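Everything below concerns the one structure shown next.
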Amino acid sequence: RNPSRKKRGATISGAAGITRPVVERNDIAETANAHIMTCSVNAAGDIEDNAVEELKSRRDYIRLSERSIIPQMLGSPENLAIMALSLKNFDDVKFIIETFHLQNTALNRELTFVEQQQQIKQKLSTIYEHYLQKESSGDSGSADVEQPKATVEQIRNVAGKGFDISRILSVIDTFALTQRIQPTTEQQQLCERYVNNPQYAFLRNFEAHNLNAFIITDLVLNLPFNREITANVLAIIRRQQQLANAGSMSHSVRGDESAGAAAANNKMCDIGALSLLECLSECLLLLPQHCLSQLLTDNYYTLKPRKLALELQRERAFNAVFSKAASEVGHIDDLKTHAPLFYDLQAKSNYYQRFVAYVQYLAQLVQLRDRNLVYHTSALLRINVCDVIGELIFECNMTPLEIEANVAALNLNLVHVIALNVCPEIAGRCGGAAVGKGDWRKINKQKAESILNYVANQNSLLACLLQGVINTVAG
């Protein structure tokens, strides 16, 4: 046994010596992964420290767990580099590419693109800050009319703002040209094959000019541009689209195909980056106080211009009513003055007009008790309609036929209201038999007969039940 043990030990030690260089390379890779892990965790330390406090739903927790460092350590170097790239740790991504020899992969090109995009965004933000400073100084200068040099300062500010806008457009156009993406031959053949099929209209997004539009749109979406600059950026994309469409039409040889392509273009008008930026530009025209990034992060408004216009119109109409004090809308005439604001709203039913009509009918019903009383709108809305109808029938000696029209105008069933007044336990207004008897109305036989006759014409079974309740209370 001893020689075999020695031989086995020698074999293992020899094998270990042969594979030692491979282990050392793996150690280098493990060390690189550990170094990248440490740098990435330190860079995202503030995010992960407050992760538990900022979680508002399970979806946020799942999204955060997907970006965790532990699964990426056990994965491939590409996954680790992608996570570091999402955290904008460009030094870590470069270290991964150099360590694992990924210079000729798409990851290296993606790193170059994202790094240049961040630099361009910082440059655009700096130029836009100068633009806003000149705009604010121009507004403050125009407010002081007494200064003799106000006109000269305004001219300087306008010229400076125009120069800043031209710089912004030049930077965006240059970046889009340098980062132009050319579709592959397979993609071009696929687009040409299904170009006239409306079912595959989304394939037009992979054309060269549409890909360039995606680059520009992706660059400016997170920037706080106003409507003026957004419209100028949109003009750049439109100019490139027109040039591309002119080139494509010059290459077309058959008229029927060009007509089909035109029809496909009409169906394509609401797809792609150009349509998105057009909608955002029109929305900024309706919301001049918003910027581009603020409009995308706002959860209150839609991004469709036509629907946004209706939403703003509704908001102005309701704000005009809800901003009023209680004393300003205390009477029916005060409520009717705001009714024209709701006439132009494209709604299936005018809720404000229905509300005004309800308040008017309620006031007419309440005034049946006393013609000289005039109630405030807030006081009317606090009145229990069932109690008022019960007082009119059982205490004011009015017949159900006399108030039937007023009750129907309030969308109430008079038979049900009578049942609630005779037996309040139906609505849960009595806690028990002993307590409930004190809340039940005591009705004389002559009054009960006329009421039961009216109920019997509508519901004979309910009339029998109410007669039993009235007899029980009277007994």
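The way I read the labels, and the way they are meant: chains A, B, ... in the order of the structure tokens, residue 1 as the first residue of every chain, and ligand 1 as the first ligand shown, with later ones counted on from there.
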
Near-Leu462 (chain A) list (10 Å; only C-alpha atoms; drop same-chain fewer than 6 positions) as a ChimeraX atom specification | /A:415-416,419,452,455-456,468

Atom-to-atom span, CA of Val233 (chain A) and CA of Leu169 (chain A), Å |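 For CA of Val233 (chain A) relative to CA of Leu169 (chain A), the distance reads 6.6 Å.
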
Can you pull out every residue within 12 Å of region 317-323 of chain A, counting only C-alpha atoms, but drop anything in the same chain fewer than 6 positions away, and send it as a list in words?
-> Leu310, Glu311, Val329, Gly330, Asp334, Leu335, Lys336, Thr337, His338, Ala339, Pro340, Leu341, Phe342, Tyr343, Asp344, Leu345, Tyr351 and Tyr352 of chain A

Asn384 (chain A) surroundings by only C-alpha atoms, 12 Å radius, close-in-sequence under 4 positions cut, as a PyMOL selection string | chain A and resi 362+365-366+379-380+388-391+417+421

Taking N, CA and C atoms for each residue, export the selection above as a tab-separated table (two decimals), in the first residue's frame.
```
chain	number	residue	atom	x	y	z
A	362	LEU	N	-82.90	69.56	-6.06
A	362	LEU	CA	-82.87	69.35	-4.61
A	362	LEU	C	-83.37	70.59	-3.87
A	365	LEU	N	-87.10	70.66	-4.06
A	365	LEU	CA	-87.72	69.69	-3.17
A	365	LEU	C	-87.70	70.19	-1.72
A	366	VAL	N	-86.60	70.77	-1.31
A	366	VAL	CA	-86.49	71.26	0.07
A	366	VAL	C	-87.42	72.43	0.31
A	379	ALA	N	-74.91	73.51	2.23
A	379	ALA	CA	-75.94	73.01	3.15
A	379	ALA	C	-76.89	72.06	2.44
A	380	LEU	N	-77.19	72.33	1.19
A	380	LEU	CA	-78.06	71.43	0.43
A	380	LEU	C	-77.43	70.05	0.27
A	388	VAL	N	-85.96	64.24	4.06
A	388	VAL	CA	-86.81	65.33	3.56
A	388	VAL	C	-88.09	64.79	2.94
A	389	ILE	N	-87.96	63.74	2.13
A	389	ILE	CA	-89.15	63.15	1.50
A	389	ILE	C	-90.07	62.55	2.55
A	390	GLY	N	-89.50	61.93	3.58
A	390	GLY	CA	-90.33	61.38	4.66
A	390	GLY	C	-91.07	62.46	5.42
A	391	GLU	N	-90.44	63.59	5.69
A	391	GLU	CA	-91.12	64.68	6.37
A	391	GLU	C	-92.25	65.24	5.52
A	417	VAL	N	-88.01	54.92	-1.21
A	417	VAL	CA	-87.82	55.94	-0.17
A	417	VAL	C	-88.89	55.83	0.91
A	421	ASN	N	-88.39	54.99	5.00
A	421	ASN	CA	-88.94	55.80	6.08
A	421	ASN	C	-89.84	54.98	7.00
```

Please run DSSP on the backbone and report, as a PyMOL selection string, all residues within region 176-422 of chain A that come out as alpha helix (DSSP H).
-> chain A and resi 176-178+185-193+208-220+227-251+255-267+273-286+292-297+305-322+332-336+351-366+377-381+385-394+400-409+414-422

For CA of Glu282 (chain A) and CA of Asn196 (chain A), the interatomic separation in Å (one decimal) =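 Computing the Euclidean distance for CA of Glu282 (chain A) and CA of Asn196 (chain A) yields 29.2 Å.
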
Which region 103-172 of chain A residues have any atom within 10 Å of an atom of region 226-232 of chain A, and for each, what is the nearest pair of atoms with distance in Å to one decimal, counting only C-alpha atoms, rows sorted by chain and number, as CSV?
```
residue,atom,partner,partner_atom,distance
A:Tyr128,CA,A:Ile229,CA,9.5
A:Leu132,CA,A:Asn226,CA,9.9
A:Asp164,CA,A:Ile229,CA,10.0
A:Ile165,CA,A:Ile229,CA,6.7
A:Ser166,CA,A:Asn232,CA,9.2
A:Ile168,CA,A:Ile229,CA,8.3
A:Leu169,CA,A:Asn232,CA,7.3
```

List the neighbours of Ile181 (chain A) out to 8 Å using only C-alpha atoms; skip same-chain residues closer than 4 positions along the sequence, and give me the result as an MDAnalysis selection string.
-> chainID A and resid 208 211:212
